[in-house]
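Undergrad: Here's a structure for you.
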Amino acid sequence: MKITRQKHAKKHLGFFRNNFGVREPYQILLDGTFCQAALRGRIQLREQLPRYLMGETQLCTTRCVLKELETLGQDLYGAKLIAQKCQVRNCSHFKNAVSGSECLLSMVEEGNPHHYFVASQDQNLSMKVKKRPGVPLMFIIQNTIVLDKPSPKTIAFVKAVESGQLVSVHEKQSIKQLKEEQGLGKNPEQRRRKKRKKIGGPNPLSCLKKKKKAQDTKPSCSENKRKRKRIRNRSTSKVLSGTENAEG
């Protein structure tokens, strides 16, 4: 019986791994009802869950679940001790706490990007979780842990992705990562600014102006030479005129 349960768990894990990117360590969100059922069935969660899922696991809960167990009193004191040993994940209910079921449901919104497992004995919560694709559901039955098979909503979502009608959350994350690596996810204004910074070197127009100045200096030198030649001619003409007068 145990071998068949592990085979089913392996099959379901492969489905979530291939279609939704679920990876180890498996993060399992526990509520008060699941902790109470584990206490009654004398189930050692930290030992039995890794064996059942055949991988590393992390037991998690939220502040709302802990506060709910505190308000319920001594009847759930043992369940509260189990929940307190779990890792506390941050929820969005910092100021006003909500019920444990509502809090866990909010943790798997928007396609369950953190790949949480939900472990609960609450039937209302289980029905709502099944309506959200990509969320593995766990519960305890006859003092044994069971990973539920993918819900019809999850299977329909996978078929829609395969037919090209939808894009899975895992694919969206990979596309976003590729865009960030190639710099395609940034605003066009930022791209223009970066392109302007890359432009360097002297302005070609300024180079042309410098060449014109160099050309202008050459005729000035030739003009000076011409002036000097004219002065020399005048002096020689005076000398010649003086010698002619002397001969006369």
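Chain labels follow the order of the structure tokens: the first chain is A, the next B, and so on; residue numbering restarts at 1 in every chain, and ligands are counted from 1 in their shown order.
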Neighbours of segment 92-106 of chain A within 6 Å (only C-alpha atoms; same-chain residues fewer than 2 positions away dropped), as a list in words?
TA: Cys64, Val65, Val108, Glu109 and Leu125 of chain A
Undergrad: Could you dump the residues just selected with N, CA and C atoms as a compact mmCIF listing (two decimals), in the first residue's frame?
TA:
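This is the output file part-v9.txt:
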```
# COMPACT_ATOMS: atom_id res chain seq x y z
N CYS A 64 -0.91 34.64 10.19
CA CYS A 64 -2.37 34.54 10.37
C CYS A 64 -2.76 33.17 10.92
N VAL A 65 -2.10 32.12 10.44
CA VAL A 65 -2.38 30.77 10.95
C VAL A 65 -2.00 30.68 12.43
N VAL A 108 -1.17 31.71 -2.69
CA VAL A 108 -1.04 30.99 -3.97
C VAL A 108 -1.75 31.74 -5.10
N GLU A 109 -1.90 33.04 -4.95
CA GLU A 109 -2.51 33.84 -6.01
C GLU A 109 -1.53 34.07 -7.15
N LEU A 125 -11.49 25.21 1.89
CA LEU A 125 -10.22 25.69 1.37
C LEU A 125 -9.72 24.78 0.25
```
Undergrad: Would you mind telling me which residue in A:Lys131, A:His114, A:Arg46, A:Lys149 lies nearest to Gly21 of chain A when using only C-alpha atoms?
TA: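 When distances to Gly21 of chain A are compared using only C-alpha atoms, the smallest one comes from A:His114.
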Undergrad: Measuring atom to atom with only C-alpha atoms, identify which of A:Asn19, A:Asn112, A:Gln48, A:Thr4 is nearest to Glu162 of chain A.
TA: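 Closest to Glu162 of chain A, using only C-alpha atoms: A:Asn19.
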Undergrad: If you take only C-alpha atoms and a cut-off of 7 Å, which residues of segment 111-147 of chain A touch segment 22-30 of chain A, and what are their nearest atom pairs and distances in Å to one decimal, in chain and number order, as a tab-separated table?
TA:
```
residue	atom	partner	partner_atom	distance
A:His115	CA	A:Val22	CA	5.7
A:Tyr116	CA	A:Gln27	CA	5.2
A:Phe117	CA	A:Ile28	CA	4.5
A:Val118	CA	A:Leu29	CA	5.0
A:Ala119	CA	A:Leu30	CA	5.0
A:Ser120	CA	A:Leu30	CA	6.4
```
Undergrad: Could you pull the residues within 9 Å of Pro152 of chain A, counting only C-alpha atoms, minus those fewer than 4 positions along the same chain, as a VMD selection string?
TA: chain A and resid 130 to 131 133 156 to 157
Undergrad: Restrict the selected residues to all heavy atoms and save them as a tab-separated table (two decimals), in the first residue's frame.
TA:
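Heads up, here's the output in again-v9.tsv:
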```tsv
chain	number	residue	atom	x	y	z
A	130	LYS	N	-8.38	23.92	-5.52
A	130	LYS	CA	-8.51	23.14	-6.74
A	130	LYS	C	-8.94	23.99	-7.93
A	130	LYS	O	-8.71	23.61	-9.08
A	130	LYS	CB	-9.51	22.01	-6.53
A	130	LYS	CG	-9.01	20.91	-5.62
A	130	LYS	CD	-10.05	19.81	-5.46
A	130	LYS	CE	-9.55	18.70	-4.55
A	130	LYS	NZ	-10.55	17.62	-4.40
A	131	LYS	N	-9.53	25.14	-7.67
A	131	LYS	CA	-9.94	26.03	-8.75
A	131	LYS	C	-8.79	26.88	-9.28
A	131	LYS	O	-8.96	27.60	-10.27
A	131	LYS	CB	-11.07	26.94	-8.27
A	131	LYS	CG	-12.37	26.19	-7.99
A	131	LYS	CD	-13.45	27.15	-7.51
A	131	LYS	CE	-14.74	26.40	-7.21
A	131	LYS	NZ	-15.81	27.31	-6.71
A	133	PRO	N	-5.10	26.75	-10.87
A	133	PRO	CA	-4.17	25.79	-11.50
A	133	PRO	C	-2.76	25.92	-10.94
A	133	PRO	O	-2.30	27.00	-10.59
A	133	PRO	CB	-4.22	26.17	-12.98
A	133	PRO	CG	-4.66	27.61	-12.99
A	133	PRO	CD	-5.57	27.77	-11.82
A	156	ALA	N	-6.98	21.27	-17.33
A	156	ALA	CA	-7.49	22.10	-18.43
A	156	ALA	C	-6.53	23.24	-18.75
A	156	ALA	O	-6.34	23.60	-19.92
A	156	ALA	CB	-8.86	22.66	-18.05
A	157	PHE	N	-5.91	23.80	-17.73
A	157	PHE	CA	-4.94	24.88	-17.95
A	157	PHE	C	-3.73	24.36	-18.74
A	157	PHE	O	-3.24	25.03	-19.67
A	157	PHE	CB	-4.50	25.45	-16.61
A	157	PHE	CG	-3.50	26.55	-16.71
A	157	PHE	CD1	-3.89	27.86	-16.93
A	157	PHE	CD2	-2.14	26.29	-16.59
A	157	PHE	CE1	-2.96	28.89	-17.03
A	157	PHE	CE2	-1.20	27.31	-16.68
A	157	PHE	CZ	-1.61	28.60	-16.90
```
Undergrad: Identify which of the residues A:Asn90, A:Ile140, A:Glu110, A:Ser151 lies closest to Met127 of chain A, counting only C-alpha atoms when measuring atom-to-atom distances.
TA: A:Ser151
Undergrad: Go ahead and compute the interatomic distance for atom CA of Phe16 of chain A and atom CA of Pro113 of chain A, in Å to one decimal.
TA: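 That distance, rounded to one decimal, is 12.7 Å.
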Undergrad: Quick one: pull the distance between atom CA of Gln142 of chain A and atom CA of Asn124 of chain A, Å, one decimal.
TA: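 Separation between atom CA of Gln142 of chain A and atom CA of Asn124 of chain A: 19.7 Å.
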Undergrad: For a test of reading the model, state the distance in Å between atom CA of Gln84 of chain A and atom CA of Gln123 of chain A, rounded to one decimal.
TA: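 Interatomic distance, atom CA of Gln84 of chain A to atom CA of Gln123 of chain A: 23.2 Å.
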